[in-house]
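So this one's coords_32.cif, mmCIF, C-alpha atoms:
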```
data_my_file
loop_
_atom_site.label_atom_id
_atom_site.label_comp_id
_atom_site.auth_asym_id
_atom_site.auth_seq_id
_atom_site.Cartn_x
_atom_site.Cartn_y
_atom_site.Cartn_z
CA MET A 1 0.00 0.00 0.00
CA LYS A 2 2.74 2.45 0.89
CA ARG A 3 4.69 1.52 -2.26
CA THR A 4 1.63 2.18 -4.41
CA LYS A 5 1.12 5.54 -2.74
CA GLY A 6 4.77 6.44 -3.33
CA ARG A 7 4.53 5.53 -7.01
CA SER A 8 1.43 7.69 -7.37
CA VAL A 9 3.26 10.67 -5.84
CA VAL A 10 6.20 10.20 -8.22
CA GLY A 11 3.80 9.91 -11.12
CA CYS A 12 2.10 13.17 -10.17
CA ALA A 13 5.44 14.93 -9.91
CA LEU A 14 6.51 13.71 -13.33
CA GLY A 15 3.17 14.82 -14.74
CA LEU A 16 3.64 18.31 -13.32
CA LEU A 17 7.14 18.52 -14.80
CA VAL A 18 5.87 17.50 -18.23
CA ALA A 19 3.00 19.97 -18.03
CA GLY A 20 5.36 22.74 -16.94
CA GLY A 21 7.71 21.99 -19.81
CA MET A 22 4.83 22.15 -22.28
CA ALA A 23 3.70 25.47 -20.78
CA LEU A 24 7.18 26.97 -21.17
CA ALA A 25 7.67 25.68 -24.70
CA PRO A 26 6.18 28.77 -26.42
CA PHE A 27 8.84 30.91 -24.73
CA SER A 28 11.79 28.85 -25.96
CA ALA A 29 11.80 30.40 -29.45
CA PRO A 30 11.99 34.03 -28.26
CA ARG A 31 14.74 33.11 -25.82
CA ALA A 32 16.69 31.38 -28.60
CA GLU A 33 16.19 34.46 -30.79
CA ALA A 34 17.45 36.68 -27.97
CA ARG A 35 20.56 34.53 -27.62
CA SER A 36 21.17 34.78 -31.37
CA ALA A 37 20.88 38.59 -31.11
CA MET A 38 23.60 38.85 -28.49
CA ILE A 39 26.52 41.06 -29.41
CA GLU A 40 30.14 41.02 -28.29
CA ILE A 41 31.35 44.18 -26.56
CA GLY A 42 34.79 44.87 -25.10
CA ASP A 43 38.37 45.28 -26.21
CA GLU A 44 40.78 42.86 -27.80
CA SER A 45 42.05 41.57 -24.46
CA HIS A 46 38.73 41.23 -22.68
CA ALA A 47 35.42 40.74 -24.47
CA THR A 48 32.01 40.08 -22.96
CA VAL A 49 28.88 38.87 -24.71
CA LEU A 50 26.09 41.33 -23.94
CA THR A 51 22.49 41.94 -24.87
CA VAL A 52 21.25 45.52 -25.21
CA GLU A 53 19.86 45.28 -21.67
CA ARG A 54 23.25 44.23 -20.30
CA LEU A 55 24.89 46.95 -22.37
CA ARG A 56 22.76 49.47 -20.47
CA GLU A 57 24.23 48.16 -17.22
CA ALA A 58 27.77 48.11 -18.63
CA MET A 59 27.57 51.83 -19.42
CA GLY A 60 27.46 52.49 -15.69
CA SER A 61 30.99 51.15 -15.18
CA ALA A 62 32.53 51.86 -18.58
CA ALA A 63 35.63 54.03 -18.86
CA ASP A 64 34.64 55.26 -22.33
CA ARG A 65 30.95 55.23 -23.23
CA ARG A 66 31.49 56.35 -26.82
CA ARG A 67 34.08 53.64 -27.53
CA ILE A 68 31.78 50.93 -26.21
CA ALA A 69 28.85 52.30 -28.20
CA ASP A 70 30.94 52.33 -31.39
CA ARG A 71 31.98 48.72 -30.83
CA ALA A 72 28.34 47.82 -30.25
CA HIS A 73 27.33 49.41 -33.57
CA THR A 74 30.12 47.53 -35.37
CA ALA A 75 29.14 44.22 -33.79
CA ILE A 76 25.50 44.77 -34.74
CA GLU A 77 26.40 45.45 -38.38
CA GLU A 78 28.63 42.36 -38.55
CA SER A 79 26.00 40.08 -37.00
CA LEU A 80 24.60 37.39 -39.30
CA ALA A 81 21.75 36.52 -36.92
CA MET A 82 19.82 39.82 -37.28
CA ASP A 83 17.94 41.18 -40.26
CA ASP A 84 17.98 44.88 -41.21
CA ALA A 85 14.90 45.74 -39.12
CA VAL A 86 16.37 44.19 -35.95
CA LYS A 87 19.74 45.85 -36.59
CA ARG A 88 18.04 49.23 -36.92
CA MET A 89 16.25 48.77 -33.59
CA MET A 90 19.47 47.63 -31.92
CA HIS A 91 21.32 50.72 -33.23
CA GLU A 92 18.56 52.99 -31.88
CA SER A 93 18.67 51.23 -28.50
CA VAL A 94 22.43 51.72 -28.18
CA GLU A 95 22.15 55.44 -28.98
CA GLU A 96 19.29 55.84 -26.50
CA ILE A 97 21.48 54.29 -23.82
CA ILE A 98 24.40 56.65 -24.38
CA ASN A 99 22.32 59.75 -24.95
CA GLY A 100 19.10 60.40 -23.03
CA ARG A 101 19.37 64.19 -23.11
CA VAL A 102 16.17 66.19 -23.58
CA LEU A 103 16.38 69.85 -22.48
CA ASP A 104 18.92 72.44 -21.23
CA ILE A 105 18.37 75.68 -19.34
CA SER A 106 21.23 78.18 -19.51
CA VAL A 107 21.96 81.81 -18.60
CA THR A 108 24.47 84.41 -19.79
CA PHE A 109 25.49 87.09 -17.30
CA LEU A 110 27.84 89.88 -18.46
CA SER A 111 29.62 87.39 -20.73
CA GLY A 112 28.13 87.89 -24.17
CA ILE A 113 28.19 90.21 -27.20
CA PRO A 114 25.61 91.51 -28.02
CA ASP A 115 23.67 89.42 -25.47
CA ILE A 116 25.00 90.76 -22.18
CA LEU A 117 22.17 89.02 -20.33
CA SER A 118 20.17 86.07 -21.69
CA VAL A 119 18.08 83.08 -20.67
CA CYS A 120 17.97 80.14 -23.09
CA LEU A 121 16.17 76.84 -23.55
CA GLU A 122 17.88 74.23 -25.72
CA GLY A 123 16.07 71.10 -26.87
CA HIS A 124 17.75 67.91 -28.09
CA PRO A 125 15.42 65.94 -30.39
CA THR A 126 18.23 63.60 -31.51
CA LYS A 127 21.84 63.04 -30.52
CA GLY A 128 24.05 65.95 -31.56
CA LEU A 129 21.20 68.17 -32.75
CA ALA A 130 20.28 71.18 -30.55
CA ILE A 131 17.52 73.74 -31.08
CA GLU A 132 17.92 76.88 -28.98
CA ALA A 133 15.56 79.76 -28.14
CA CYS A 134 16.67 82.75 -26.02
CA ALA A 135 15.38 85.96 -24.49
CA ASN A 136 18.17 88.56 -24.54
CA THR A 137 19.05 92.07 -23.42
CA ALA A 138 22.02 94.34 -24.07
CA VAL A 139 20.86 97.14 -21.71
CA ILE A 140 19.79 99.58 -24.46
CA VAL A 141 18.16 96.88 -26.61
CA SER A 142 16.27 93.70 -25.89
CA GLY A 143 14.85 90.93 -28.00
CA PHE A 144 14.99 87.23 -28.77
CA SER A 145 17.08 84.81 -30.79
CA ALA A 146 16.99 81.24 -32.07
CA ALA A 147 19.62 78.87 -33.38
CA VAL A 148 20.08 75.33 -34.65
CA LYS A 149 23.37 73.61 -33.75
CA TYR A 150 24.93 70.24 -34.37
CA ARG A 151 27.80 69.06 -32.16
CA TRP A 152 30.06 66.01 -32.33
CA ASP A 153 31.59 64.46 -29.22
CA LEU A 154 35.29 65.09 -28.71
CA ILE A 155 35.39 63.42 -25.29
CA ALA A 156 32.91 61.18 -23.46
CA LYS A 157 34.66 59.78 -20.38
CA MET A 158 33.12 58.24 -17.29
CA THR A 159 34.69 58.64 -13.85
CA ASP A 160 35.05 55.87 -11.27
CA ARG A 161 31.97 57.27 -9.53
CA GLY A 162 29.85 56.93 -12.67
CA ASN A 163 29.79 60.64 -13.61
CA VAL A 164 30.51 61.54 -17.23
CA HIS A 165 32.68 64.28 -18.78
CA GLN A 166 31.35 65.18 -22.23
CA LEU A 167 33.01 67.72 -24.54
CA SER A 168 31.47 68.43 -27.95
CA ILE A 169 31.86 70.94 -30.77
CA GLY A 170 29.99 71.86 -33.93
CA PRO A 171 28.55 74.58 -36.18
CA GLY A 172 25.32 76.50 -35.80
CA VAL A 173 23.09 78.97 -37.65
CA GLY A 174 20.40 81.29 -36.30
CA PHE A 175 19.06 84.82 -36.08
CA HIS A 176 18.60 87.73 -33.64
CA ARG A 177 15.73 90.17 -33.41
CA HIS A 178 16.58 93.34 -31.44
CA TYR A 179 14.27 96.12 -30.18
CA MET A 180 15.33 99.48 -28.77
CA THR A 181 14.10 99.88 -25.18
CA ALA A 182 11.48 102.58 -24.55
CA TRP A 183 13.63 104.52 -22.07
CA MET A 184 16.21 105.03 -24.84
CA GLY A 185 13.62 106.64 -27.11
CA GLY A 186 12.34 103.61 -28.95
CA ASP A 187 8.75 102.40 -29.10
CA GLY A 188 9.61 98.71 -29.32
CA GLY A 189 9.12 98.49 -33.06
CA GLN A 190 10.46 101.55 -34.85
CA TYR A 191 14.06 100.96 -33.78
CA SER A 192 14.48 97.27 -34.50
CA ALA A 193 17.11 95.14 -36.18
CA THR A 194 17.36 91.60 -37.53
CA THR A 195 20.59 89.68 -37.98
CA LEU A 196 21.50 86.29 -39.43
CA ASP A 197 24.09 84.42 -37.34
CA GLY A 198 26.75 81.82 -38.01
CA LEU A 199 28.72 80.34 -35.14
CA LEU A 200 30.89 77.58 -33.75
CA SER A 201 29.62 76.06 -30.50
CA LEU A 202 31.87 74.39 -27.92
CA GLU A 203 30.11 72.70 -25.00
CA TYR A 204 31.16 70.87 -21.85
CA VAL A 205 28.71 68.83 -19.79
CA TYR A 206 29.45 67.16 -16.46
CA TRP A 207 26.77 64.50 -16.07
CA LEU A 208 26.01 63.81 -12.41
CA SER A 209 23.43 61.19 -13.41
CA LYS A 210 21.83 59.90 -16.60
CA HIS A 211 19.35 62.80 -16.77
CA PHE A 212 21.05 65.64 -14.88
CA GLY A 213 24.23 67.56 -15.64
CA LEU A 214 26.02 70.90 -15.39
CA THR A 215 26.81 72.70 -18.65
CA ALA A 216 29.18 75.41 -19.91
CA GLN A 217 28.83 76.59 -23.49
CA LEU A 218 30.98 78.95 -25.59
CA ASP A 219 29.57 80.24 -28.90
CA LEU A 220 31.75 82.34 -31.22
CA GLY A 221 30.93 83.64 -34.68
CA GLY A 222 29.53 86.55 -36.63
CA SER A 223 26.20 88.12 -37.58
CA TYR A 224 25.05 89.92 -40.70
CA VAL A 225 22.53 92.77 -40.37
CA VAL A 226 19.69 92.16 -42.82
CA HIS A 227 17.31 94.82 -41.44
CA TYR A 228 17.87 98.03 -39.45
CA ALA A 229 15.92 101.26 -38.91
CA ASP A 230 18.77 103.12 -40.61
CA PRO A 231 19.27 101.68 -44.15
CA ASN A 232 22.95 102.63 -43.96
CA ARG A 233 23.42 100.05 -41.19
CA GLU A 234 22.09 97.12 -43.24
CA GLY A 235 24.58 94.69 -44.71
CA VAL A 236 27.03 95.18 -41.85
CA ALA A 237 28.87 92.17 -40.39
CA THR A 238 29.54 92.15 -36.65
CA PRO A 239 31.14 89.60 -34.28
CA ILE A 240 29.07 87.68 -31.74
CA GLY A 241 30.10 85.62 -28.74
CA LYS A 242 28.56 84.18 -25.62
CA LEU A 243 29.69 82.19 -22.60
CA SER A 244 26.77 80.64 -20.75
CA VAL A 245 26.29 78.14 -17.93
CA GLY A 246 23.29 76.03 -17.06
CA LEU A 247 21.67 72.67 -16.35
CA ALA A 248 21.09 69.71 -18.66
CA PHE A 249 18.26 67.20 -18.28
#
```

Rewrite the structure of this file - the entire thing - as structure tokens.
Amino acid sequence: MKRTKGRSVVGCALGLLVAGGMALAPFSAPRAEARSAMIEIGDESHATVLTVERLREAMGSAADRRRIADRAHTAIEESLAMDDAVKRMMHESVEEIINGRVLDISVTFLSGIPDILSVCLEGHPTKGLAIEACANTAVIVSGFSAAVKYRWDLIAKMTDRGNVHQLSIGPGVGFHRHYMTAWMGGDGGQYSATTLDGLLSLEYVYWLSKHFGLTAQLDLGGSYVVHYADPNREGVATPIGKLSVGLAF
């Protein structure tokens, strides 16, 4: 009697194992596909097989985020296990990991020409691309400006504590709209000027976390006056420059 009871218990256990294996069978294909999509990241002396999820964790301890990202892109392109659609998604995932920047807020205080004082918002729709909008004043005139910039990374180094030093540089184009202040005799419209700007933008960001950093930005270039109250002042080229500091999110 006891032996029969023991056999029935063993039979039930085996039945549960078989049922469990059948229930997990549908998940075996995706897992196999995930293994085939693994990519090799590292240097020549020490390589580690990583998925995109593990790559996200590796960025936290990497000495050079950009180098690892570049190796990931190369490994993805050389993979024979992924089609073009999967490769495209993997490339996008790697870039999202290394660059989650959305918006900057910066100020210029007595460190710009002609913008002696300014407050700017800079959006980052994609990596490298920046769209800036500013409210400016030069004491006797005030107004607004906008610019589109594209910067490439020169340095992207992570410290032992996980903070990141990022230095980038690139060109930009934009415009200024200036209005004479009322206390200088202007009515806010009669004494106005419009300039087209070309500049080179150098930026340093110290990332304290993935979505928070401290920024310093130096823009140098020139502007061309396309409209002025005095026609004799149109067509004049003038230098522009601005050193601003702010926060990156």

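Across A:Lys127, A:Arg151, A:Lys242, A:Arg161, the tightest approach to Tyr204 (chain A) is made by A:Arg151 when counting only C-alpha atoms.
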
Q | Distance criterion (all atoms listed in the file): nearest to Val119 (chain A) out of A:Ile140, A:Ile131, A:Phe212, A:Ser106 | A | A:Ser106

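Proximity of A:Glu132, A:Asp104, A:Glu234, A:Asp219 to Thr195 (chain A), computed with all atoms listed in the file, is greatest for A:Glu234.
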
Q: Could you give me, as number ranges by chain, the residues within 10 Å of Ile113 (chain A), counting all atoms listed in the file and dropping anything in the same chain fewer than 2 positions from it?
A: A: 110-111, 115-117, 138, 220, 238-243

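CA of Val173 (chain A) is positioned 13.9 Å from CA of Leu202 (chain A).
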
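Atom to atom, CA of Leu129 (chain A) and CA of Glu203 (chain A) stand 12.6 Å apart.
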
Q: Grab the CA of Arg101 (chain A) to CA of Trp207 (chain A) distance for me, in Å with one decimal place.
A: 10.2 Å

Your completed region 105-127 of chain A with N, CA and C atoms, as a CSV table (one decimal), in the coordinates of the input:
```csv
chain,number,residue,atom,x,y,z
A,105,ILE,N,18.7,74.3,-19.7
A,105,ILE,CA,18.4,75.7,-19.3
A,105,ILE,C,19.7,76.4,-19.0
A,106,SER,N,20.0,77.5,-19.7
A,106,SER,CA,21.2,78.2,-19.5
A,106,SER,C,21.0,79.7,-19.4
A,107,VAL,N,22.0,80.4,-18.8
A,107,VAL,CA,22.0,81.8,-18.6
A,107,VAL,C,23.3,82.4,-19.0
A,108,THR,N,23.3,83.6,-19.5
A,108,THR,CA,24.5,84.4,-19.8
A,108,THR,C,24.4,85.7,-18.9
A,109,PHE,N,25.5,85.9,-18.2
A,109,PHE,CA,25.5,87.1,-17.3
A,109,PHE,C,26.8,87.9,-17.5
A,110,LEU,N,26.7,89.0,-18.2
A,110,LEU,CA,27.8,89.9,-18.5
A,110,LEU,C,29.0,89.1,-19.2
A,111,SER,N,28.6,88.2,-20.0
A,111,SER,CA,29.6,87.4,-20.7
A,111,SER,C,29.3,87.1,-22.2
A,112,GLY,N,28.5,88.1,-22.8
A,112,GLY,CA,28.1,87.9,-24.2
A,112,GLY,C,28.1,89.2,-25.0
A,113,ILE,N,28.3,89.1,-26.3
A,113,ILE,CA,28.2,90.2,-27.2
A,113,ILE,C,27.3,89.7,-28.4
A,114,PRO,N,26.2,90.3,-28.7
A,114,PRO,CA,25.6,91.5,-28.0
A,114,PRO,C,24.7,91.2,-26.8
A,115,ASP,N,24.6,89.8,-26.5
A,115,ASP,CA,23.7,89.4,-25.5
A,115,ASP,C,24.4,89.5,-24.1
A,116,ILE,N,24.3,90.6,-23.5
A,116,ILE,CA,25.0,90.8,-22.2
A,116,ILE,C,24.3,89.9,-21.1
A,117,LEU,N,23.0,89.9,-21.2
A,117,LEU,CA,22.2,89.0,-20.3
A,117,LEU,C,21.2,88.2,-21.2
A,118,SER,N,21.1,86.9,-20.9
A,118,SER,CA,20.2,86.1,-21.7
A,118,SER,C,19.8,84.9,-20.9
A,119,VAL,N,18.6,84.3,-21.2
A,119,VAL,CA,18.1,83.1,-20.7
A,119,VAL,C,17.7,82.2,-21.9
A,120,CYS,N,18.2,81.0,-21.9
A,120,CYS,CA,18.0,80.1,-23.1
A,120,CYS,C,17.4,78.8,-22.7
A,121,LEU,N,16.6,78.2,-23.6
A,121,LEU,CA,16.2,76.8,-23.6
A,121,LEU,C,16.7,76.1,-24.8
A,122,GLU,N,17.3,75.0,-24.6
A,122,GLU,CA,17.9,74.2,-25.7
A,122,GLU,C,17.3,72.8,-25.7
A,123,GLY,N,16.6,72.4,-26.8
A,123,GLY,CA,16.1,71.1,-26.9
A,123,GLY,C,17.0,70.2,-27.7
A,124,HIS,N,16.9,68.9,-27.4
A,124,HIS,CA,17.8,67.9,-28.1
A,124,HIS,C,16.9,66.8,-28.6
A,125,PRO,N,16.3,67.0,-29.8
A,125,PRO,CA,15.4,65.9,-30.4
A,125,PRO,C,16.2,64.7,-30.8
A,126,THR,N,17.4,64.8,-31.2
A,126,THR,CA,18.2,63.6,-31.5
A,126,THR,C,19.7,63.9,-31.1
A,127,LYS,N,20.5,62.9,-31.0
A,127,LYS,CA,21.8,63.0,-30.5
A,127,LYS,C,22.6,64.0,-31.4
```
